[in-house]
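Asks: Please find run-v8.cif (mmCIF, C-alpha atoms and all ligand atoms) on the next line:
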data_entry
loop_
_atom_site.group_PDB
_atom_site.id
_atom_site.type_symbol
_atom_site.label_atom_id
_atom_site.label_comp_id
_atom_site.auth_asym_id
_atom_site.auth_seq_id
_atom_site.Cartn_x
_atom_site.Cartn_y
_atom_site.Cartn_z
ATOM 1 C CA MET A 1 37.744 39.488 70.855
ATOM 2 C CA THR A 2 37.527 40.129 67.097
ATOM 3 C CA ILE A 3 34.730 38.144 65.492
ATOM 4 C CA HIS A 4 34.926 37.468 61.757
ATOM 5 C CA HIS A 5 32.078 35.001 61.166
ATOM 6 C CA HIS A 6 28.491 35.804 62.178
ATOM 7 C CA PRO A 7 25.072 34.123 61.886
ATOM 8 C CA SER A 8 23.277 34.812 58.580
ATOM 9 C CA ASP A 9 20.603 37.531 58.439
ATOM 10 C CA GLU A 10 18.018 34.783 57.887
ATOM 11 C CA LEU A 11 19.047 33.013 61.090
ATOM 12 C CA LEU A 12 19.021 36.267 63.085
ATOM 13 C CA LEU A 13 15.566 37.077 61.694
ATOM 14 C CA ASP A 14 14.287 33.637 62.713
ATOM 15 C CA TYR A 15 15.762 34.159 66.174
ATOM 16 C CA ALA A 16 14.252 37.641 66.566
ATOM 17 C CA SER A 17 10.827 36.425 65.455
ATOM 18 C CA GLY A 18 10.884 33.486 67.868
ATOM 19 C CA ALA A 19 10.830 30.923 65.039
ATOM 20 C CA LEU A 20 13.896 28.995 66.263
ATOM 21 C CA GLY A 21 13.722 26.066 68.678
ATOM 22 C CA GLU A 22 15.570 26.090 71.980
ATOM 23 C CA ALA A 23 18.807 24.389 70.867
ATOM 24 C CA TRP A 24 19.307 26.600 67.763
ATOM 25 C CA SER A 25 18.374 29.675 69.823
ATOM 26 C CA LEU A 26 20.991 28.753 72.403
ATOM 27 C CA ALA A 27 23.723 28.922 69.733
ATOM 28 C CA VAL A 28 22.503 32.303 68.464
ATOM 29 C CA ALA A 29 21.985 33.715 71.987
ATOM 30 C CA THR A 30 25.495 32.676 73.013
ATOM 31 C CA HIS A 31 26.965 34.362 69.929
ATOM 32 C CA LEU A 32 24.920 37.494 70.709
ATOM 33 C CA SER A 33 26.374 37.577 74.225
ATOM 34 C CA LEU A 34 29.817 37.902 72.603
ATOM 35 C CA CYS A 35 28.986 40.086 69.551
ATOM 36 C CA PRO A 36 27.832 43.741 69.846
ATOM 37 C CA GLY A 37 27.353 43.971 66.052
ATOM 38 C CA CYS A 38 24.792 41.158 65.923
ATOM 39 C CA ARG A 39 23.050 42.480 69.061
ATOM 40 C CA SER A 40 22.574 45.762 67.239
ATOM 41 C CA THR A 41 21.155 43.908 64.199
ATOM 42 C CA ILE A 42 18.704 42.070 66.459
ATOM 43 C CA ASP A 43 17.597 45.369 68.021
ATOM 44 C CA HIS A 44 16.815 46.704 64.549
ATOM 45 C CA LEU A 45 14.966 43.568 63.512
ATOM 46 C CA GLU A 46 12.836 43.764 66.635
ATOM 47 C CA ALA A 47 12.103 47.456 66.022
ATOM 48 C CA ILE A 48 11.098 46.712 62.424
ATOM 49 C CA GLY A 49 9.008 43.751 63.601
ATOM 50 C CA ALA A 50 7.218 45.948 66.131
ATOM 51 C CA GLY A 51 6.545 48.499 63.371
ATOM 52 C CA LEU A 52 5.085 45.786 61.144
ATOM 53 C CA LEU A 53 2.857 44.600 63.975
ATOM 54 C CA ASP A 54 1.617 48.154 64.458
ATOM 55 C CA ALA A 55 0.653 48.223 60.779
ATOM 56 C CA ALA A 56 -1.417 45.122 61.647
ATOM 57 C CA ASP A 57 -1.850 43.555 58.232
ATOM 58 C CA PRO A 58 -3.502 40.172 58.790
ATOM 59 C CA ALA A 59 -1.974 38.732 55.576
ATOM 60 C CA PRO A 60 0.863 36.214 56.082
ATOM 61 C CA LEU A 61 4.408 37.442 55.463
ATOM 62 C CA SER A 62 5.123 37.032 51.744
ATOM 63 C CA ASP A 63 8.543 36.560 50.148
ATOM 64 C CA LYS A 64 8.250 40.129 48.908
ATOM 65 C CA THR A 65 7.741 41.445 52.439
ATOM 66 C CA PHE A 66 10.682 39.405 53.670
ATOM 67 C CA GLU A 67 12.860 40.945 50.951
ATOM 68 C CA LEU A 68 11.701 44.414 51.922
ATOM 69 C CA ILE A 69 12.614 43.772 55.547
ATOM 70 C CA MET A 70 16.047 42.520 54.581
ATOM 71 C CA ASP A 71 16.609 45.526 52.249
ATOM 72 C CA ARG A 72 15.578 47.926 54.952
ATOM 73 C CA LEU A 73 17.788 46.191 57.449
ATOM 74 C CA GLU A 74 20.739 46.442 55.086
ATOM 75 C CA ASN A 75 20.167 50.163 54.554
ATOM 76 C CA GLU A 76 19.787 50.791 58.247
ATOM 77 C CA SER A 77 22.977 48.861 58.949
ATOM 78 C CA GLU A 78 24.824 51.111 56.493
ATOM 79 C CA ASP A 79 23.396 54.222 58.174
ATOM 80 C CA LEU A 80 24.415 52.815 61.515
ATOM 81 C CA THR A 81 28.034 52.360 60.575
ATOM 82 C CA ASP A 82 28.169 56.088 59.719
ATOM 83 C CA SER A 83 26.660 57.592 62.806
ATOM 84 C CA ALA A 84 25.474 55.414 65.653
ATOM 85 C CA PRO A 85 27.701 54.588 68.605
ATOM 86 C CA PRO A 86 28.391 50.895 69.158
ATOM 87 C CA ALA A 87 25.708 49.031 71.061
ATOM 88 C CA PRO A 88 26.428 48.795 74.773
ATOM 89 C CA ALA A 89 27.914 45.500 75.792
ATOM 90 C CA VAL A 90 25.548 43.060 77.458
ATOM 91 C CA PRO A 91 27.020 42.241 80.858
ATOM 92 C CA VAL A 92 28.738 38.917 80.390
ATOM 93 C CA HIS A 93 29.967 37.120 83.453
ATOM 94 C CA PRO A 94 32.075 34.179 82.380
ATOM 95 C CA SER A 95 32.166 31.481 84.994
ATOM 96 C CA ALA A 96 35.355 30.001 86.380
ATOM 97 C CA ASN A 97 35.563 27.759 83.309
ATOM 98 C CA GLY A 98 34.969 30.706 80.961
ATOM 99 C CA LEU A 99 31.498 29.822 79.666
ATOM 100 C CA PRO A 100 29.353 32.723 78.417
ATOM 101 C CA GLN A 101 26.255 33.361 80.508
ATOM 102 C CA PRO A 102 23.602 31.753 78.212
ATOM 103 C CA LEU A 103 25.418 28.398 78.333
ATOM 104 C CA ARG A 104 26.056 28.121 82.032
ATOM 105 C CA ARG A 105 22.797 26.582 83.185
ATOM 106 C CA TYR A 106 22.936 24.096 80.299
ATOM 107 C CA ALA A 107 26.542 22.995 80.655
ATOM 108 C CA GLU A 108 27.546 23.352 84.295
ATOM 109 C CA ASN A 109 26.654 21.012 87.104
ATOM 110 C CA ASP A 110 25.820 22.092 90.674
ATOM 111 C CA ARG A 111 29.501 22.573 91.429
ATOM 112 C CA GLY A 112 29.960 24.904 88.433
ATOM 113 C CA GLU A 113 31.958 22.296 86.517
ATOM 114 C CA ILE A 114 31.461 21.027 82.971
ATOM 115 C CA PRO A 115 30.862 17.258 83.146
ATOM 116 C CA TRP A 116 33.008 16.283 80.178
ATOM 117 C CA GLN A 117 32.668 12.780 78.689
ATOM 118 C CA ARG A 118 35.634 11.338 76.848
ATOM 119 C CA LEU A 119 35.029 10.580 73.158
ATOM 120 C CA GLY A 120 38.344 8.954 72.338
ATOM 121 C CA LEU A 121 41.355 10.353 70.457
ATOM 122 C CA GLY A 122 41.643 12.984 73.199
ATOM 123 C CA ALA A 123 38.322 14.665 72.326
ATOM 124 C CA SER A 124 35.529 15.217 74.858
ATOM 125 C CA GLN A 125 31.915 16.292 74.754
ATOM 126 C CA CYS A 126 29.233 17.513 77.115
ATOM 127 C CA LEU A 127 25.670 16.901 75.914
ATOM 128 C CA LEU A 128 23.251 19.735 76.731
ATOM 129 C CA THR A 129 19.619 19.015 77.543
ATOM 130 C CA THR A 130 17.044 21.098 75.678
ATOM 131 C CA SER A 131 13.329 20.692 75.024
ATOM 132 C CA GLU A 132 13.896 20.227 71.297
ATOM 133 C CA ASP A 133 13.389 16.692 69.952
ATOM 134 C CA GLY A 134 15.707 15.524 67.180
ATOM 135 C CA VAL A 135 18.227 18.315 67.706
ATOM 136 C CA THR A 136 21.463 17.746 69.625
ATOM 137 C CA ALA A 137 23.356 20.499 71.399
ATOM 138 C CA ARG A 138 26.766 19.727 72.863
ATOM 139 C CA LEU A 139 30.041 21.251 73.877
ATOM 140 C CA LEU A 140 32.950 19.704 72.015
ATOM 141 C CA ARG A 141 36.568 19.893 73.085
ATOM 142 C CA ILE A 142 39.035 19.119 70.303
ATOM 143 C CA PRO A 143 42.638 18.695 71.475
ATOM 144 C CA ALA A 144 45.107 21.364 70.336
ATOM 145 C CA GLY A 145 46.613 20.570 66.961
ATOM 146 C CA ARG A 146 44.239 17.678 66.206
ATOM 147 C CA PRO A 147 41.798 17.269 63.300
ATOM 148 C CA VAL A 148 38.188 16.095 63.405
ATOM 149 C CA PRO A 149 37.788 13.369 60.717
ATOM 150 C CA GLU A 150 36.624 14.754 57.351
ATOM 151 C CA HIS A 151 32.829 14.783 57.171
ATOM 152 C CA THR A 152 29.687 16.173 55.585
ATOM 153 C CA HIS A 153 26.392 16.916 57.292
ATOM 154 C CA GLY A 154 23.049 15.136 57.024
ATOM 155 C CA GLY A 155 21.301 18.360 58.031
ATOM 156 C CA LEU A 156 22.151 21.690 59.568
ATOM 157 C CA GLU A 157 25.094 22.209 61.938
ATOM 158 C CA LEU A 158 25.714 25.426 63.858
ATOM 159 C CA THR A 159 29.127 25.751 65.490
ATOM 160 C CA LEU A 160 30.210 28.533 67.822
ATOM 161 C CA VAL A 161 33.826 28.676 68.976
ATOM 162 C CA LEU A 162 34.118 29.428 72.697
ATOM 163 C CA SER A 163 37.887 29.169 73.095
ATOM 164 C CA GLY A 164 40.859 28.128 71.007
ATOM 165 C CA ALA A 165 40.388 28.083 67.220
ATOM 166 C CA PHE A 166 39.889 25.750 64.275
ATOM 167 C CA SER A 167 40.453 26.059 60.551
ATOM 168 C CA ASP A 168 38.736 24.281 57.678
ATOM 169 C CA SER A 169 38.217 24.742 53.927
ATOM 170 C CA VAL A 170 36.080 27.839 54.623
ATOM 171 C CA GLY A 171 38.486 29.722 56.853
ATOM 172 C CA ARG A 172 39.740 30.245 60.384
ATOM 173 C CA TYR A 173 37.297 30.313 63.285
ATOM 174 C CA GLY A 174 38.382 31.805 66.615
ATOM 175 C CA ALA A 175 36.532 32.634 69.822
ATOM 176 C CA GLY A 176 33.069 34.051 69.091
ATOM 177 C CA ASP A 177 33.066 32.956 65.436
ATOM 178 C CA PHE A 178 29.920 31.237 64.179
ATOM 179 C CA GLN A 179 29.619 28.670 61.370
ATOM 180 C CA GLU A 180 26.439 27.480 59.648
ATOM 181 C CA ALA A 181 27.070 24.234 57.766
ATOM 182 C CA ASP A 182 24.643 22.141 55.734
ATOM 183 C CA GLU A 183 24.876 19.102 53.480
ATOM 184 C CA ASN A 184 26.794 21.158 50.883
ATOM 185 C CA LEU A 185 29.806 21.667 53.155
ATOM 186 C CA GLU A 186 32.420 18.924 53.295
ATOM 187 C CA HIS A 187 35.157 19.842 55.721
ATOM 188 C CA GLN A 188 37.806 18.703 58.121
ATOM 189 C CA PRO A 189 38.021 21.141 61.028
ATOM 190 C CA HIS A 190 41.524 21.207 62.506
ATOM 191 C CA ALA A 191 42.117 22.636 65.973
ATOM 192 C CA GLU A 192 45.014 25.078 66.131
ATOM 193 C CA SER A 193 48.014 24.205 68.202
ATOM 194 C CA GLY A 194 48.539 25.946 71.522
ATOM 195 C CA ALA A 195 45.114 25.455 73.122
ATOM 196 C CA ASP A 196 42.249 22.984 72.944
ATOM 197 C CA CYS A 197 39.346 24.213 70.812
ATOM 198 C CA ILE A 198 36.054 24.285 72.724
ATOM 199 C CA CYS A 199 32.919 24.756 70.613
ATOM 200 C CA LEU A 200 29.171 24.688 71.010
ATOM 201 C CA ALA A 201 27.760 22.485 68.241
ATOM 202 C CA VAL A 202 24.065 22.098 67.394
ATOM 203 C CA THR A 203 23.044 19.465 64.836
ATOM 204 C CA ASP A 204 19.809 17.905 63.622
ATOM 205 C CA ALA A 205 21.361 14.823 61.996
ATOM 206 C CA PRO A 206 24.464 12.713 62.587
ATOM 207 C CA LEU A 207 27.638 13.788 60.806
ATOM 208 C CA ARG A 208 28.623 11.710 57.750
ATOM 209 C CA PHE A 209 32.264 10.729 58.021
ATOM 210 C CA LYS A 210 34.231 9.981 54.875
ATOM 211 C CA SER A 211 36.704 7.483 56.264
ATOM 212 C CA LEU A 212 35.623 3.937 57.018
ATOM 213 C CA ALA A 213 37.515 3.998 60.328
ATOM 214 C CA ALA A 214 35.635 7.079 61.500
ATOM 215 C CA ARG A 215 32.310 5.542 60.447
ATOM 216 C CA ILE A 216 33.096 2.376 62.381
ATOM 217 C CA VAL A 217 33.870 4.207 65.627
ATOM 218 C CA GLN A 218 31.067 6.784 65.172
ATOM 219 C CA PRO A 219 28.400 4.834 67.100
ATOM 220 C CA PHE A 220 30.782 4.495 70.028
ATOM 221 C CA LEU A 221 31.704 8.172 69.952
ATOM 222 C CA GLY A 222 28.065 9.221 69.872
ATOM 223 C CA ILE A 223 28.510 11.886 67.196
HETATM 224 ZN ZN ZN B 1 27.919 38.513 65.295
#
Can you give me the file's structure in the form of structure tokens?
Ligand SMILES: [Zn+2]
Replies:
Amino acid sequence: MTIHHHPSDELLLDYASGALGEAWSLAVATHLSLCPGCRSTIDHLEAIGAGLLDAADPAPLSDKTFELIMDRLENESEDLTDSAPPAPAVPVHPSANGLPQPLRRYAENDRGEIPWQRLGLGASQCLLTTSEDGVTARLLRIPAGRPVPEHTHGGLELTLVLSGAFSDSVGRYGAGDFQEADENLEHQPHAESGADCICLAVTDAPLRFKSLAARIVQPFLGI
């Protein structure tokens, strides 16, 4: 699996410091289970965080300190690419339906199946229960070769491709690729032909569809 799109450094830092809620963390953790590069970044962030804690400065983290951490991380990443061996792979045991380990207890029922709900137009979803109010995590299955109606975002949307692929105005996203979208991104993801595209999507506001038809059916689709 070659991954081209990764979570931002800011998101990884929030994850490493425990600042992310459960649903957002689930998206990052699932990406980490597929991406040795980001696991290595997290290891470094945690080591730097532990070093900062040892220095035990009671002052809150200033913007300046944040910048220093990010600079140091960047330098260490460059050093790493020269010398260090790749991080060992976390044991990942995909289930019969191919879900990465972090998702299984959220998405599979007692029989190890994903309880898909039909959304119409051939698409399906499986809502995931987390402790986080106001944030929705779901698996989405977009039929091969089909588009999702063009939309913008009322808030933040994290999307992680689990199988298949989609393309939009930003680029192509295949298995393991991670997209962070906010209200500035207007896009129309289009699933590639050949295989359905299954994604994990985490959102904190409903999508805003451009077309009237999509807006009319939105309440019935639950997205
Ligand atoms: Zn990554």
Asks: Please provide as number ranges by chain all residues within 7 Å of His5 (chain A), with the sequence filter that same-chain residues fewer than 3 positions apart are discarded (counting only C-alpha atoms).
Replies: A: 177-179
Asks: Any chance you can output those residues with C-alpha atoms as a tab-separated table (two decimals), in the frame of the given file?
Replies:
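As written to disk, out-v6.tsv reads:
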chain	number	residue	atom	x	y	z
A	177	ASP	CA	33.07	32.96	65.44
A	178	PHE	CA	29.92	31.24	64.18
A	179	GLN	CA	29.62	28.67	61.37
Asks: Taking into account all atoms listed in the file, which residue in the set A:Cys38, A:Met70, A:Ile114, A:Ala23 is nearest to ligand ZN 1 (chain B)?
Replies: A:Cys38
Asks: Which residues fall under the PyMOL selection byres (((chain A and resi 7-11) around 12) and not hetatm) in this file, as an MDAnalysis selection string?
Replies: chainID A and resid 3:6 12:21 24:25 27:32 35 37:39 41:42 44:45 66:67 69:71 73:74 77 156:160 176:181
Asks: For C-alpha atoms, I'd like the residues from the last selection saved as a PDB file, in the frame of the given file.
Replies:
ATOM      1  CA  ILE A   3      34.730  38.144  65.492  1.00  0.00           C
ATOM      2  CA  HIS A   4      34.926  37.468  61.757  1.00  0.00           C
ATOM      3  CA  HIS A   5      32.078  35.001  61.166  1.00  0.00           C
ATOM      4  CA  HIS A   6      28.491  35.804  62.178  1.00  0.00           C
ATOM      5  CA  LEU A  12      19.021  36.267  63.085  1.00  0.00           C
ATOM      6  CA  LEU A  13      15.566  37.077  61.694  1.00  0.00           C
ATOM      7  CA  ASP A  14      14.287  33.637  62.713  1.00  0.00           C
ATOM      8  CA  TYR A  15      15.762  34.159  66.174  1.00  0.00           C
ATOM      9  CA  ALA A  16      14.252  37.641  66.566  1.00  0.00           C
ATOM     10  CA  SER A  17      10.827  36.425  65.455  1.00  0.00           C
ATOM     11  CA  GLY A  18      10.884  33.486  67.868  1.00  0.00           C
ATOM     12  CA  ALA A  19      10.830  30.923  65.039  1.00  0.00           C
ATOM     13  CA  LEU A  20      13.896  28.995  66.263  1.00  0.00           C
ATOM     14  CA  GLY A  21      13.722  26.066  68.678  1.00  0.00           C
ATOM     15  CA  TRP A  24      19.307  26.600  67.763  1.00  0.00           C
ATOM     16  CA  SER A  25      18.374  29.675  69.823  1.00  0.00           C
ATOM     17  CA  ALA A  27      23.723  28.922  69.733  1.00  0.00           C
ATOM     18  CA  VAL A  28      22.503  32.303  68.464  1.00  0.00           C
ATOM     19  CA  ALA A  29      21.985  33.715  71.987  1.00  0.00           C
ATOM     20  CA  THR A  30      25.495  32.676  73.013  1.00  0.00           C
ATOM     21  CA  HIS A  31      26.965  34.362  69.929  1.00  0.00           C
ATOM     22  CA  LEU A  32      24.920  37.494  70.709  1.00  0.00           C
ATOM     23  CA  CYS A  35      28.986  40.086  69.551  1.00  0.00           C
ATOM     24  CA  GLY A  37      27.353  43.971  66.052  1.00  0.00           C
ATOM     25  CA  CYS A  38      24.792  41.158  65.923  1.00  0.00           C
ATOM     26  CA  ARG A  39      23.050  42.480  69.061  1.00  0.00           C
ATOM     27  CA  THR A  41      21.155  43.908  64.199  1.00  0.00           C
ATOM     28  CA  ILE A  42      18.704  42.070  66.459  1.00  0.00           C
ATOM     29  CA  HIS A  44      16.815  46.704  64.549  1.00  0.00           C
ATOM     30  CA  LEU A  45      14.966  43.568  63.512  1.00  0.00           C
ATOM     31  CA  PHE A  66      10.682  39.405  53.670  1.00  0.00           C
ATOM     32  CA  GLU A  67      12.860  40.945  50.951  1.00  0.00           C
ATOM     33  CA  ILE A  69      12.614  43.772  55.547  1.00  0.00           C
ATOM     34  CA  MET A  70      16.047  42.520  54.581  1.00  0.00           C
ATOM     35  CA  ASP A  71      16.609  45.526  52.249  1.00  0.00           C
ATOM     36  CA  LEU A  73      17.788  46.191  57.449  1.00  0.00           C
ATOM     37  CA  GLU A  74      20.739  46.442  55.086  1.00  0.00           C
ATOM     38  CA  SER A  77      22.977  48.861  58.949  1.00  0.00           C
ATOM     39  CA  LEU A 156      22.151  21.690  59.568  1.00  0.00           C
ATOM     40  CA  GLU A 157      25.094  22.209  61.938  1.00  0.00           C
ATOM     41  CA  LEU A 158      25.714  25.426  63.858  1.00  0.00           C
ATOM     42  CA  THR A 159      29.127  25.751  65.490  1.00  0.00           C
ATOM     43  CA  LEU A 160      30.210  28.533  67.822  1.00  0.00           C
ATOM     44  CA  GLY A 176      33.069  34.051  69.091  1.00  0.00           C
ATOM     45  CA  ASP A 177      33.066  32.956  65.436  1.00  0.00           C
ATOM     46  CA  PHE A 178      29.920  31.237  64.179  1.00  0.00           C
ATOM     47  CA  GLN A 179      29.619  28.670  61.370  1.00  0.00           C
ATOM     48  CA  GLU A 180      26.439  27.480  59.648  1.00  0.00           C
ATOM     49  CA  ALA A 181      27.070  24.234  57.766  1.00  0.00           C
TER      50      ALA A 181
END
Asks: Which residue out of A:Arg146, A:Glu108, A:Leu26, A:Val170 has the minimum interatomic distance to Ala201 (chain A) when only C-alpha atoms are used?
Replies: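 Ranking A:Arg146, A:Glu108, A:Leu26, A:Val170 by distance to Ala201 (chain A), first place goes to A:Leu26.
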Asks: Find the residues near Leu140 (chain A): any atom within 6 Å, counting only C-alpha atoms, skip ones fewer than 3 places away on the same chain, and give them as number ranges by chain.
Replies: A: 124-125, 198-199
Asks: When you draw a straight line from CA of Gly155 (chain A) to CA of Arg172 (chain A), how long is it in Å?
Replies: 22.1 Å
Asks: Evaluate the PyMOL selection byres (((chain A and resi 190) around 6) and not hetatm) on the structure here and hand back the selected residues as a PyMOL selection string.
Replies: chain A and resi 146-147+166-167+189+191
Asks: What gap, in Å, lies between CA of Leu200 (chain A) and CA of Asn109 (chain A)?
Replies: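 Computed distance, CA of Leu200 (chain A) to CA of Asn109 (chain A), equals 16.7 Å.
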Asks: May I have the protein, DNA and RNA residues with any atom at most 6 Å from the point (45.6, 25.8, 67.9), counting all atoms listed in the file, written as JSON, numbers by chain?
Replies: {"A": [144, 145, 165, 191, 192, 193, 194, 195]}
Asks: So that all listed atoms of region 196-201 of chain A fit with 5 Å spare on each side, what axis-aligned box centre and edge lengths in Å, to one decimal, would you give as JSON?
Replies:
{"center_x": 35.0, "center_y": 23.6, "center_z": 70.6, "size_x": 24.5, "size_y": 12.3, "size_z": 14.7}
Asks: Would you compute the distance between CA of Thr130 (chain A) and CA of Thr2 (chain A)? Give it in Å to one decimal.
Replies: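 Going from CA of Thr130 (chain A) over to CA of Thr2 (chain A), I get 29.2 Å.
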Asks: Quick one: of A:Thr136, A:Ser163, A:Gln117, A:Ser33, who's nearest to Pro100 (chain A), counting all atoms listed in the file?
Replies: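 For Pro100 (chain A), the nearest of the given residues is A:Ser33.
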Asks: Using all atoms listed in the file for the distances, tell me which of A:Ala175, A:Asp168, A:Gly112, A:Glu186 is nearest to ligand ZN 1 (chain B).
Replies: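 Closest candidate: A:Ala175.
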Asks: Between A:Gly49, A:Gly98, A:Gly134, A:Pro115, which has the minimum distance to Glu22 (chain A) (counting all atoms listed in the file)?
Replies: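 Among the listed residues, A:Gly134 lies closest to Glu22 (chain A).
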